[in-house]
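Undergrad: Below is the file model.pdb, which contains PDB, C-alpha atoms, pLDDT in the B column.
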```
ATOM      1  CA  ASP A   1       2.677 -15.568   0.501  1.00 84.00           C
ATOM      2  CA  SER A   2       0.674 -13.167  -1.688  1.00 86.00           C
ATOM      3  CA  GLY A   3       1.646 -14.810  -4.988  1.00 93.00           C
ATOM      4  CA  VAL A   4       3.362 -11.622  -6.196  1.00 96.00           C
ATOM      5  CA  THR A   5       7.097 -12.003  -6.752  1.00 97.00           C
ATOM      6  CA  GLN A   6       9.716  -9.298  -6.992  1.00 97.00           C
ATOM      7  CA  THR A   7      13.366  -9.471  -7.928  1.00 97.00           C
ATOM      8  CA  PRO A   8      15.924  -8.690  -6.788  1.00 97.00           C
ATOM      9  CA  LYS A   9      15.276  -8.569  -3.041  1.00 96.00           C
ATOM     10  CA  HIS A  10      18.189  -6.225  -2.440  1.00 96.00           C
ATOM     11  CA  LEU A  11      20.081  -3.890  -4.739  1.00 97.00           C
ATOM     12  CA  ILE A  12      23.070  -1.700  -3.955  1.00 97.00           C
ATOM     13  CA  THR A  13      24.286   0.748  -6.562  1.00 97.00           C
ATOM     14  CA  ALA A  14      25.956   4.112  -6.975  1.00 97.00           C
ATOM     15  CA  THR A  15      24.586   7.547  -7.753  1.00 97.00           C
ATOM     16  CA  GLY A  16      24.043   8.186 -11.426  1.00 97.00           C
ATOM     17  CA  GLN A  17      23.465   4.532 -12.232  1.00 97.00           C
ATOM     18  CA  ARG A  18      20.396   2.843 -13.701  1.00 97.00           C
ATOM     19  CA  VAL A  19      18.582  -0.190 -12.301  1.00 98.00           C
ATOM     20  CA  THR A  20      15.615  -2.341 -13.275  1.00 98.00           C
ATOM     21  CA  LEU A  21      13.213  -3.878 -10.786  1.00 98.00           C
ATOM     22  CA  ARG A  22      11.046  -6.772 -11.841  1.00 98.00           C
ATOM     23  CA  CYS A  23       7.591  -7.867 -10.720  1.00 98.00           C
ATOM     24  CA  SER A  24       5.475 -10.909 -11.546  1.00 98.00           C
ATOM     25  CA  PRO A  25       1.823 -10.494 -10.553  1.00 96.00           C
ATOM     26  CA  ARG A  26      -0.429 -13.187  -9.121  1.00 95.00           C
ATOM     27  CA  SER A  27      -1.608 -15.678 -11.686  1.00 93.00           C
ATOM     28  CA  GLY A  28      -4.526 -14.160 -13.595  1.00 89.00           C
ATOM     29  CA  ASP A  29      -4.137 -10.607 -12.246  1.00 92.00           C
ATOM     30  CA  LEU A  30      -4.140  -7.996 -14.998  1.00 91.00           C
ATOM     31  CA  SER A  31      -3.249  -4.878 -13.007  1.00 91.00           C
ATOM     32  CA  VAL A  32       0.180  -4.086 -11.612  1.00 93.00           C
ATOM     33  CA  TYR A  33       0.962  -1.170  -9.317  1.00 93.00           C
ATOM     34  CA  TRP A  34       4.321   0.237  -8.216  1.00 96.00           C
ATOM     35  CA  TYR A  35       4.916   1.984  -4.900  1.00 95.00           C
ATOM     36  CA  GLN A  36       7.905   3.627  -3.238  1.00 95.00           C
ATOM     37  CA  GLN A  37       8.390   3.613   0.520  1.00 93.00           C
ATOM     38  CA  SER A  38      11.243   5.627   1.977  1.00 90.00           C
ATOM     39  CA  LEU A  39      12.503   4.890   5.480  1.00 84.00           C
ATOM     40  CA  ASP A  40       9.743   5.313   8.065  1.00 77.00           C
ATOM     41  CA  GLN A  41       7.488   6.928   5.457  1.00 82.00           C
ATOM     42  CA  GLY A  42       4.119   5.945   4.020  1.00 84.00           C
ATOM     43  CA  LEU A  43       3.672   4.316   0.660  1.00 88.00           C
ATOM     44  CA  GLN A  44       3.807   6.603  -2.356  1.00 90.00           C
ATOM     45  CA  PHE A  45       1.915   5.404  -5.416  1.00 89.00           C
ATOM     46  CA  LEU A  46       4.040   5.612  -8.548  1.00 93.00           C
ATOM     47  CA  ILE A  47       2.175   4.068 -11.461  1.00 92.00           C
ATOM     48  CA  GLN A  48      -0.402   1.455 -12.507  1.00 90.00           C
ATOM     49  CA  TYR A  49      -0.530  -0.756 -15.578  1.00 92.00           C
ATOM     50  CA  TYR A  50      -3.505  -2.772 -16.739  1.00 89.00           C
ATOM     51  CA  ASN A  51      -3.085  -5.498 -19.347  1.00 90.00           C
ATOM     52  CA  GLY A  52      -0.043  -3.804 -20.821  1.00 93.00           C
ATOM     53  CA  GLU A  53      -1.282  -0.239 -20.807  1.00 92.00           C
ATOM     54  CA  GLU A  54      -0.607   2.602 -18.407  1.00 91.00           C
ATOM     55  CA  ARG A  55      -3.794   3.365 -16.428  1.00 86.00           C
ATOM     56  CA  ALA A  56      -2.855   5.752 -13.653  1.00 84.00           C
ATOM     57  CA  LYS A  57       0.116   7.837 -12.671  1.00 87.00           C
ATOM     58  CA  GLY A  58       1.086   9.042  -9.236  1.00 86.00           C
ATOM     59  CA  ASN A  59       4.172  10.801  -7.946  1.00 83.00           C
ATOM     60  CA  ILE A  60       6.566   9.210 -10.397  1.00 92.00           C
ATOM     61  CA  LEU A  61       9.707  11.118 -11.315  1.00 94.00           C
ATOM     62  CA  GLU A  62      10.657  11.629 -14.952  1.00 95.00           C
ATOM     63  CA  ARG A  63      13.826   9.621 -14.258  1.00 97.00           C
ATOM     64  CA  PHE A  64      11.611   6.618 -13.524  1.00 97.00           C
ATOM     65  CA  SER A  65       9.687   4.599 -16.061  1.00 96.00           C
ATOM     66  CA  ALA A  66       7.765   1.362 -16.121  1.00 97.00           C
ATOM     67  CA  GLN A  67       6.203  -1.059 -18.517  1.00 97.00           C
ATOM     68  CA  GLN A  68       4.062  -4.186 -18.468  1.00 97.00           C
ATOM     69  CA  PHE A  69       4.856  -6.958 -20.905  1.00 96.00           C
ATOM     70  CA  PRO A  70       2.496  -9.335 -22.769  1.00 95.00           C
ATOM     71  CA  ASP A  71       3.065 -12.021 -20.137  1.00 95.00           C
ATOM     72  CA  LEU A  72       1.877  -9.396 -17.596  1.00 95.00           C
ATOM     73  CA  HIS A  73       5.117  -9.101 -15.688  1.00 97.00           C
ATOM     74  CA  SER A  74       6.254  -5.539 -15.117  1.00 98.00           C
ATOM     75  CA  GLU A  75       9.537  -3.711 -14.824  1.00 98.00           C
ATOM     76  CA  LEU A  76      10.319  -0.427 -13.098  1.00 98.00           C
ATOM     77  CA  ASN A  77      13.352   1.378 -14.468  1.00 98.00           C
ATOM     78  CA  LEU A  78      15.134   3.920 -12.293  1.00 98.00           C
ATOM     79  CA  SER A  79      17.831   6.034 -13.925  1.00 97.00           C
ATOM     80  CA  SER A  80      20.285   8.776 -12.896  1.00 97.00           C
ATOM     81  CA  LEU A  81      19.901   7.487  -9.366  1.00 97.00           C
ATOM     82  CA  GLU A  82      20.241   9.853  -6.438  1.00 97.00           C
ATOM     83  CA  LEU A  83      20.808   9.165  -2.753  1.00 96.00           C
ATOM     84  CA  GLY A  84      17.166  10.044  -2.080  1.00 95.00           C
ATOM     85  CA  ASP A  85      15.987   7.212  -4.282  1.00 96.00           C
ATOM     86  CA  SER A  86      17.049   4.734  -1.615  1.00 97.00           C
ATOM     87  CA  ALA A  87      13.814   3.074  -0.542  1.00 96.00           C
ATOM     88  CA  LEU A  88      11.698  -0.042  -0.582  1.00 96.00           C
ATOM     89  CA  TYR A  89       9.917  -0.495  -3.892  1.00 97.00           C
ATOM     90  CA  PHE A  90       6.753  -2.553  -3.769  1.00 96.00           C
ATOM     91  CA  CYS A  91       4.783  -4.076  -6.564  1.00 97.00           C
ATOM     92  CA  ALA A  92       1.138  -5.013  -6.099  1.00 95.00           C
ATOM     93  CA  SER A  93      -1.381  -6.714  -8.342  1.00 94.00           C
ATOM     94  CA  SER A  94      -5.139  -6.975  -8.573  1.00 90.00           C
ATOM     95  CA  PRO A  95      -7.438  -8.965 -10.811  1.00 84.00           C
ATOM     96  CA  LEU A  96      -8.875  -6.124 -12.852  1.00 72.00           C
ATOM     97  CA  LEU A  97      -8.583  -2.371 -12.856  1.00 61.00           C
ATOM     98  CA  GLY A  98      -8.752  -2.000  -9.091  1.00 54.00           C
ATOM     99  CA  ARG A  99     -12.128  -0.381  -9.371  1.00 55.00           C
ATOM    100  CA  GLY A 100     -15.220  -1.053  -7.381  1.00 48.00           C
ATOM    101  CA  GLY A 101     -15.663  -1.774  -3.743  1.00 44.00           C
ATOM    102  CA  GLN A 102     -14.219  -5.204  -3.204  1.00 57.00           C
ATOM    103  CA  GLU A 103     -11.064  -5.558  -5.245  1.00 74.00           C
ATOM    104  CA  THR A 104      -7.949  -5.609  -3.118  1.00 83.00           C
ATOM    105  CA  GLN A 105      -4.292  -5.235  -3.996  1.00 89.00           C
ATOM    106  CA  TYR A 106      -1.852  -8.021  -3.211  1.00 93.00           C
ATOM    107  CA  PHE A 107       1.654  -6.834  -2.441  1.00 95.00           C
ATOM    108  CA  GLY A 108       4.967  -8.449  -3.189  1.00 96.00           C
ATOM    109  CA  PRO A 109       7.848  -8.646  -0.688  1.00 95.00           C
ATOM    110  CA  GLY A 110       9.519  -5.546  -2.116  1.00 96.00           C
ATOM    111  CA  THR A 111      12.944  -4.663  -3.470  1.00 97.00           C
ATOM    112  CA  ARG A 112      15.216  -2.745  -1.127  1.00 96.00           C
ATOM    113  CA  LEU A 113      17.317  -0.269  -3.096  1.00 97.00           C
ATOM    114  CA  LEU A 114      20.339   1.415  -1.570  1.00 97.00           C
ATOM    115  CA  VAL A 115      22.054   4.157  -3.533  1.00 97.00           C
ATOM    116  CA  LEU A 116      25.541   5.025  -2.293  1.00 96.00           C
TER
ATOM    117  CA  LYS B   1      -7.658  18.205  -1.601  1.00 78.00           C
ATOM    118  CA  ASN B   2      -8.111  14.467  -0.933  1.00 80.00           C
ATOM    119  CA  GLN B   3      -6.385  13.547   2.304  1.00 88.00           C
ATOM    120  CA  VAL B   4      -6.259  10.697   4.793  1.00 93.00           C
ATOM    121  CA  GLU B   5      -4.991  11.380   8.288  1.00 95.00           C
ATOM    122  CA  GLN B   6      -4.289   8.735  10.885  1.00 96.00           C
ATOM    123  CA  SER B   7      -3.820   8.962  14.615  1.00 96.00           C
ATOM    124  CA  PRO B   8      -1.962   8.303  16.717  1.00 96.00           C
ATOM    125  CA  GLN B   9       1.289   8.274  14.777  1.00 95.00           C
ATOM    126  CA  SER B  10       2.558   5.542  17.077  1.00 96.00           C
ATOM    127  CA  LEU B  11       1.200   3.526  19.975  1.00 97.00           C
ATOM    128  CA  ILE B  12       2.688   1.169  22.542  1.00 98.00           C
ATOM    129  CA  ILE B  13       0.443  -1.197  24.485  1.00 97.00           C
ATOM    130  CA  LEU B  14       0.875  -4.315  26.593  1.00 97.00           C
ATOM    131  CA  GLU B  15       0.118  -7.729  25.203  1.00 97.00           C
ATOM    132  CA  GLY B  16      -3.477  -8.730  25.822  1.00 97.00           C
ATOM    133  CA  LYS B  17      -4.802  -5.159  25.867  1.00 97.00           C
ATOM    134  CA  ASN B  18      -7.212  -3.671  23.337  1.00 98.00           C
ATOM    135  CA  CYS B  19      -6.545  -0.602  21.226  1.00 97.00           C
ATOM    136  CA  THR B  20      -8.254   1.606  18.684  1.00 98.00           C
ATOM    137  CA  LEU B  21      -6.630   3.362  15.751  1.00 98.00           C
ATOM    138  CA  GLN B  22      -8.245   6.332  14.029  1.00 98.00           C
ATOM    139  CA  CYS B  23      -8.552   7.436  10.431  1.00 98.00           C
ATOM    140  CA  ASN B  24     -10.087  10.708   9.248  1.00 97.00           C
ATOM    141  CA  TYR B  25     -10.493  11.451   5.588  1.00 95.00           C
ATOM    142  CA  THR B  26     -11.444  14.330   3.358  1.00 92.00           C
ATOM    143  CA  VAL B  27     -12.051  12.445   0.153  1.00 84.00           C
ATOM    144  CA  SER B  28     -14.780  13.053  -2.369  1.00 82.00           C
ATOM    145  CA  PRO B  29     -16.502  11.266  -3.854  1.00 84.00           C
ATOM    146  CA  PHE B  30     -15.943   8.372  -1.511  1.00 84.00           C
ATOM    147  CA  SER B  31     -15.913   4.828  -2.857  1.00 82.00           C
ATOM    148  CA  ASN B  32     -14.507   2.546  -0.169  1.00 88.00           C
ATOM    149  CA  LEU B  33     -12.110   2.438   2.756  1.00 92.00           C
ATOM    150  CA  ARG B  34      -9.485  -0.203   3.424  1.00 93.00           C
ATOM    151  CA  TRP B  35      -7.251  -1.080   6.318  1.00 96.00           C
ATOM    152  CA  TYR B  36      -3.900  -2.718   5.669  1.00 96.00           C
ATOM    153  CA  LYS B  37      -1.372  -4.245   8.053  1.00 97.00           C
ATOM    154  CA  GLN B  38       2.291  -3.823   7.173  1.00 95.00           C
ATOM    155  CA  ASP B  39       4.985  -5.716   9.045  1.00 94.00           C
ATOM    156  CA  THR B  40       8.358  -3.974   9.053  1.00 89.00           C
ATOM    157  CA  GLY B  41      10.111  -4.391   5.711  1.00 86.00           C
ATOM    158  CA  ARG B  42       7.265  -6.355   4.160  1.00 90.00           C
ATOM    159  CA  GLY B  43       4.385  -5.576   1.823  1.00 92.00           C
ATOM    160  CA  PRO B  44       1.010  -4.494   3.227  1.00 94.00           C
ATOM    161  CA  VAL B  45      -1.690  -7.099   3.701  1.00 94.00           C
ATOM    162  CA  SER B  46      -5.367  -6.243   3.408  1.00 92.00           C
ATOM    163  CA  LEU B  47      -7.436  -6.544   6.606  1.00 95.00           C
ATOM    164  CA  THR B  48     -10.833  -5.117   5.600  1.00 92.00           C
ATOM    165  CA  ILE B  49     -12.581  -3.241   2.814  1.00 89.00           C
ATOM    166  CA  MET B  50     -15.751  -1.270   3.559  1.00 90.00           C
ATOM    167  CA  THR B  51     -18.090   0.469   1.175  1.00 86.00           C
ATOM    168  CA  PHE B  52     -20.332   3.437   1.887  1.00 82.00           C
ATOM    169  CA  SER B  53     -23.179   1.281   3.169  1.00 86.00           C
ATOM    170  CA  GLU B  54     -21.126  -0.775   5.625  1.00 88.00           C
ATOM    171  CA  ASN B  55     -20.412   0.590   9.078  1.00 91.00           C
ATOM    172  CA  THR B  56     -18.729  -2.421  10.702  1.00 95.00           C
ATOM    173  CA  LYS B  57     -16.567  -5.212   9.402  1.00 94.00           C
ATOM    174  CA  SER B  58     -14.591  -7.802  11.337  1.00 95.00           C
ATOM    175  CA  ASN B  59     -11.612  -9.972  10.510  1.00 94.00           C
ATOM    176  CA  GLY B  60     -10.794 -12.112  13.518  1.00 96.00           C
ATOM    177  CA  ARG B  61      -9.606  -9.847  16.338  1.00 97.00           C
ATOM    178  CA  TYR B  62      -9.711  -6.824  14.009  1.00 97.00           C
ATOM    179  CA  THR B  63     -12.922  -4.780  13.754  1.00 97.00           C
ATOM    180  CA  ALA B  64     -13.177  -1.773  11.490  1.00 97.00           C
ATOM    181  CA  THR B  65     -15.928   0.830  11.735  1.00 97.00           C
ATOM    182  CA  LEU B  66     -16.911   3.497   9.262  1.00 96.00           C
ATOM    183  CA  ASP B  67     -18.957   6.648   9.792  1.00 94.00           C
ATOM    184  CA  ALA B  68     -19.463   8.100   6.329  1.00 90.00           C
ATOM    185  CA  ASP B  69     -21.242  11.155   7.735  1.00 91.00           C
ATOM    186  CA  THR B  70     -18.305  12.288   9.859  1.00 94.00           C
ATOM    187  CA  LYS B  71     -15.756  10.741   7.455  1.00 94.00           C
ATOM    188  CA  GLN B  72     -14.105   8.757  10.188  1.00 96.00           C
ATOM    189  CA  SER B  73     -13.012   5.171  10.506  1.00 97.00           C
ATOM    190  CA  SER B  74     -11.484   3.210  13.337  1.00 98.00           C
ATOM    191  CA  LEU B  75      -9.685  -0.094  13.621  1.00 98.00           C
ATOM    192  CA  HIS B  76     -10.153  -1.874  16.925  1.00 98.00           C
ATOM    193  CA  ILE B  77      -7.782  -4.655  17.910  1.00 98.00           C
ATOM    194  CA  THR B  78      -8.951  -6.995  20.652  1.00 97.00           C
ATOM    195  CA  ALA B  79      -6.691  -8.990  22.973  1.00 97.00           C
ATOM    196  CA  SER B  80      -3.514  -7.833  21.260  1.00 97.00           C
ATOM    197  CA  GLN B  81      -0.719 -10.280  20.497  1.00 97.00           C
ATOM    198  CA  LEU B  82       2.982  -9.701  19.904  1.00 97.00           C
ATOM    199  CA  SER B  83       2.418 -10.475  16.218  1.00 96.00           C
ATOM    200  CA  ASP B  84       0.111  -7.464  15.976  1.00 97.00           C
ATOM    201  CA  SER B  85       3.179  -5.219  16.134  1.00 97.00           C
ATOM    202  CA  ALA B  86       3.114  -3.529  12.723  1.00 97.00           C
ATOM    203  CA  SER B  87       2.029  -0.398  10.907  1.00 96.00           C
ATOM    204  CA  TYR B  88      -1.671  -0.094  10.179  1.00 98.00           C
ATOM    205  CA  ILE B  89      -2.562   1.902   7.114  1.00 96.00           C
ATOM    206  CA  CYS B  90      -5.901   3.433   6.186  1.00 96.00           C
ATOM    207  CA  VAL B  91      -6.552   3.771   2.447  1.00 93.00           C
ATOM    208  CA  VAL B  92      -9.528   5.531   0.891  1.00 90.00           C
ATOM    209  CA  SER B  93     -10.685   5.021  -2.667  1.00 85.00           C
ATOM    210  CA  ALA B  94     -11.993   8.164  -4.316  1.00 77.00           C
ATOM    211  CA  GLY B  95     -13.479   9.493  -7.481  1.00 70.00           C
ATOM    212  CA  SER B  96     -14.569   7.919 -10.725  1.00 64.00           C
ATOM    213  CA  ASN B  97     -11.022   6.628 -11.219  1.00 66.00           C
ATOM    214  CA  TYR B  98     -11.105   4.972  -7.762  1.00 67.00           C
ATOM    215  CA  GLN B  99      -7.811   6.668  -6.956  1.00 75.00           C
ATOM    216  CA  LEU B 100      -6.331   5.278  -3.738  1.00 82.00           C
ATOM    217  CA  ILE B 101      -5.356   7.829  -1.091  1.00 86.00           C
ATOM    218  CA  TRP B 102      -2.935   6.290   1.402  1.00 89.00           C
ATOM    219  CA  GLY B 103      -2.603   7.415   5.003  1.00 92.00           C
ATOM    220  CA  ALA B 104       0.819   7.596   6.654  1.00 92.00           C
ATOM    221  CA  GLY B 105      -0.045   4.746   9.014  1.00 95.00           C
ATOM    222  CA  THR B 106      -0.035   4.140  12.767  1.00 96.00           C
ATOM    223  CA  LYS B 107       2.935   2.233  14.113  1.00 96.00           C
ATOM    224  CA  LEU B 108       1.737  -0.187  16.797  1.00 98.00           C
ATOM    225  CA  ILE B 109       4.134  -1.866  19.209  1.00 97.00           C
ATOM    226  CA  ILE B 110       2.926  -4.647  21.479  1.00 97.00           C
ATOM    227  CA  LYS B 111       5.088  -5.250  24.538  1.00 97.00           C
ATOM    228  CA  PRO B 112       5.080  -8.493  26.542  1.00 96.00           C
TER
END
```
Now, as a test, write the supplied structure out as structure tokens.
TA:
Amino acid sequence: DSGVTQTPKHLITATGQRVTLRCSPRSGDLSVYWYQQSLDQGLQFLIQYYNGEERAKGNILERFSAQQFPDLHSELNLSSLELGDSALYFCASSPLLGRGGQETQYFGPGTRLLVL
Amino acid sequence: KNQVEQSPQSLIILEGKNCTLQCNYTVSPFSNLRWYKQDTGRGPVSLTIMTFSENTKSNGRYTATLDADTKQSSLHITASQLSDSASYICVVSAGSNYQLIWGAGTKLIIKP
């Protein structure tokens, strides 16, 4: 158990809908990262937040947005969903900014999203 | 362009055998290299992190090597167990922003 929690575990919705995925980082971790993993594909970095502020952006679509709240939990909002958005969405956390040589990311169990 | 390539794409070996997974990267400037293990449907778990000055690091039956000159890394698994069946992902940290470049992973299957 990494200490990172994600809800819900599974989500089934229809095209065009909007969903919100939630992540609680490990106690004390200030950075939260979001990743997308499509079936049999590698992880795609979406976005990073540090202590409430956006720090880095990856391949995140304009239909997707995220935020980190004062209690450090984070939410990933996916709107106008398409079939291709079906994937595993992982949240990870790290103590600081993820910089330097020794800081690792701790991953949550993921949310499996199925768009029908 | 910063890239991380892993080989083989997939590998099947018998329980108890050893294996070596490869990672080649074209990342500059290099900061560190990590190996993660990802069980199917679960989040990745860190195995090792190596900086420029480290060329070998072990974690139990897992030993990672790094050759910064040739920009290659390998992950050697000794005396494989059924629980080693997973994807192994090489991740390189690059640049002043320590951007993480993720490889596509090697899918390892251990057969009894």
Undergrad: If you apply the ChimeraX specification (/B :<10) & /A to this file, what residues do you get, as a PDB file with C-alpha atoms, keeping the file's coordinate frame?
TA:
```pdb
ATOM      1  CA  SER A   2       0.674 -13.167  -1.688  1.00 86.00           C
ATOM      2  CA  GLN A  37       8.390   3.613   0.520  1.00 93.00           C
ATOM      3  CA  LEU A  39      12.503   4.890   5.480  1.00 84.00           C
ATOM      4  CA  ASP A  40       9.743   5.313   8.065  1.00 77.00           C
ATOM      5  CA  GLN A  41       7.488   6.928   5.457  1.00 82.00           C
ATOM      6  CA  GLY A  42       4.119   5.945   4.020  1.00 84.00           C
ATOM      7  CA  LEU A  43       3.672   4.316   0.660  1.00 88.00           C
ATOM      8  CA  GLN A  44       3.807   6.603  -2.356  1.00 90.00           C
ATOM      9  CA  PHE A  45       1.915   5.404  -5.416  1.00 89.00           C
ATOM     10  CA  ARG A  55      -3.794   3.365 -16.428  1.00 86.00           C
ATOM     11  CA  ALA A  56      -2.855   5.752 -13.653  1.00 84.00           C
ATOM     12  CA  LYS A  57       0.116   7.837 -12.671  1.00 87.00           C
ATOM     13  CA  GLY A  58       1.086   9.042  -9.236  1.00 86.00           C
ATOM     14  CA  LEU A  88      11.698  -0.042  -0.582  1.00 96.00           C
ATOM     15  CA  TYR A  89       9.917  -0.495  -3.892  1.00 97.00           C
ATOM     16  CA  PHE A  90       6.753  -2.553  -3.769  1.00 96.00           C
ATOM     17  CA  CYS A  91       4.783  -4.076  -6.564  1.00 97.00           C
ATOM     18  CA  ALA A  92       1.138  -5.013  -6.099  1.00 95.00           C
ATOM     19  CA  LEU A  97      -8.583  -2.371 -12.856  1.00 61.00           C
ATOM     20  CA  GLY A  98      -8.752  -2.000  -9.091  1.00 54.00           C
ATOM     21  CA  ARG A  99     -12.128  -0.381  -9.371  1.00 55.00           C
ATOM     22  CA  GLY A 100     -15.220  -1.053  -7.381  1.00 48.00           C
ATOM     23  CA  GLY A 101     -15.663  -1.774  -3.743  1.00 44.00           C
ATOM     24  CA  GLN A 102     -14.219  -5.204  -3.204  1.00 57.00           C
ATOM     25  CA  GLU A 103     -11.064  -5.558  -5.245  1.00 74.00           C
ATOM     26  CA  THR A 104      -7.949  -5.609  -3.118  1.00 83.00           C
ATOM     27  CA  GLN A 105      -4.292  -5.235  -3.996  1.00 89.00           C
ATOM     28  CA  TYR A 106      -1.852  -8.021  -3.211  1.00 93.00           C
ATOM     29  CA  PHE A 107       1.654  -6.834  -2.441  1.00 95.00           C
ATOM     30  CA  GLY A 108       4.967  -8.449  -3.189  1.00 96.00           C
ATOM     31  CA  PRO A 109       7.848  -8.646  -0.688  1.00 95.00           C
ATOM     32  CA  GLY A 110       9.519  -5.546  -2.116  1.00 96.00           C
ATOM     33  CA  THR A 111      12.944  -4.663  -3.470  1.00 97.00           C
ATOM     34  CA  ARG A 112      15.216  -2.745  -1.127  1.00 96.00           C
TER      35      ARG A 112
END
```
Undergrad: Quick one: pull the distance between atom CA of Ile60 of chain A and atom CA of Gly3 of chain A, Å, one decimal.
TA: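 Distance reported for this atom pair: 25.1 Å.
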Undergrad: Would you list the contacts of Thr20 of chain A as an NGL selection string, taking every protein, DNA or RNA residue within 8 Å and counting only C-alpha atoms, but skipping same-chain residues closer than 4 positions in sequence?
TA: :A and (75-78)
Undergrad: Could you work out how far atom CA of Arg22 of chain A lies from atom CA of Pro8 of chain A, giving the answer in Å with one decimal?
TA: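 Atom CA of Arg22 of chain A lies 7.3 Å from atom CA of Pro8 of chain A.
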Undergrad: Skipping near chain neighbours, those fewer than 5 positions away, what residues fall within 8 Å of Ser80 of chain B using all atoms listed in the file, listed as a list in words?
TA: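 Selected residues are Leu14, Glu15, Gly16, Lys17, Asn18, Cys19 and Ile110 of chain B.
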Undergrad: Do you know which residues the PyMOL selection byres ((chain B and resi 75) around 9) returns on this file, as a VMD selection string?
TA: chain B and resid 19 to 23 35 62 to 65 73 to 74 76 to 77 88
Undergrad: Check what the PyMOL selection byres ((chain A and resi 15) around 10) selects in the file above and give those residues as a list of chain:residue names.
TA: A:Thr13, A:Ala14, A:Gly16, A:Gln17, A:Arg18, A:Ser79, A:Ser80, A:Leu81, A:Glu82, A:Leu83, A:Gly84, A:Asp85, A:Leu114, A:Val115, A:Leu116
Undergrad: Would you save the residues of that selection, restricted to C-alpha atoms, as a CSV table (one decimal), in the frame of the given file?
TA:
```csv
chain,number,residue,atom,x,y,z
A,13,THR,CA,24.3,0.7,-6.6
A,14,ALA,CA,26.0,4.1,-7.0
A,16,GLY,CA,24.0,8.2,-11.4
A,17,GLN,CA,23.5,4.5,-12.2
A,18,ARG,CA,20.4,2.8,-13.7
A,79,SER,CA,17.8,6.0,-13.9
A,80,SER,CA,20.3,8.8,-12.9
A,81,LEU,CA,19.9,7.5,-9.4
A,82,GLU,CA,20.2,9.9,-6.4
A,83,LEU,CA,20.8,9.2,-2.8
A,84,GLY,CA,17.2,10.0,-2.1
A,85,ASP,CA,16.0,7.2,-4.3
A,114,LEU,CA,20.3,1.4,-1.6
A,115,VAL,CA,22.1,4.2,-3.5
A,116,LEU,CA,25.5,5.0,-2.3
```
Undergrad: As a PyMOL selection string, please: the residues near Phe69 of chain A (cut-off 9 Å, only C-alpha atoms, same-chain neighbours under 5 positions excluded).
TA: chain A and resi 51-52+74-75
Undergrad: Provide the atom CA of Pro95 of chain A to atom CA of Leu30 of chain A distance in Å, to one decimal place.
TA: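 Atom CA of Leu30 of chain A lies 5.4 Å from atom CA of Pro95 of chain A.
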Undergrad: Which residues come within 7 Å of His73 of chain A, counting all atoms listed in the file, excluding same-chain residues fewer than 2 positions away, as a VMD selection string?
TA: chain A and resid 23 to 25 68 to 69 71
Undergrad: Which of these, B:Ile109, B:Val92, B:Ile12, B:Ala86, has the shortest distance to Asp39 of chain B once you count only C-alpha atoms?
TA: B:Ala86
Undergrad: Report as a PDB file with C-alpha atoms, keeping the file's coordinate frame all protein, DNA and RNA residues lying within 10 Å of Asn24 of chain B, evaluated on all atoms listed in the file, omitting residues in the same chain fewer than 3 positions from it.
TA:
```
ATOM      1  CA  GLN B   3      -6.385  13.547   2.304  1.00 88.00           C
ATOM      2  CA  VAL B   4      -6.259  10.697   4.793  1.00 93.00           C
ATOM      3  CA  GLU B   5      -4.991  11.380   8.288  1.00 95.00           C
ATOM      4  CA  GLN B   6      -4.289   8.735  10.885  1.00 96.00           C
ATOM      5  CA  SER B   7      -3.820   8.962  14.615  1.00 96.00           C
ATOM      6  CA  VAL B  27     -12.051  12.445   0.153  1.00 84.00           C
ATOM      7  CA  LEU B  66     -16.911   3.497   9.262  1.00 96.00           C
ATOM      8  CA  ASP B  67     -18.957   6.648   9.792  1.00 94.00           C
ATOM      9  CA  THR B  70     -18.305  12.288   9.859  1.00 94.00           C
ATOM     10  CA  LYS B  71     -15.756  10.741   7.455  1.00 94.00           C
ATOM     11  CA  GLN B  72     -14.105   8.757  10.188  1.00 96.00           C
ATOM     12  CA  SER B  73     -13.012   5.171  10.506  1.00 97.00           C
ATOM     13  CA  SER B  74     -11.484   3.210  13.337  1.00 98.00           C
ATOM     14  CA  CYS B  90      -5.901   3.433   6.186  1.00 96.00           C
ATOM     15  CA  VAL B  92      -9.528   5.531   0.891  1.00 90.00           C
ATOM     16  CA  GLY B 103      -2.603   7.415   5.003  1.00 92.00           C
TER      17      GLY B 103
END
```
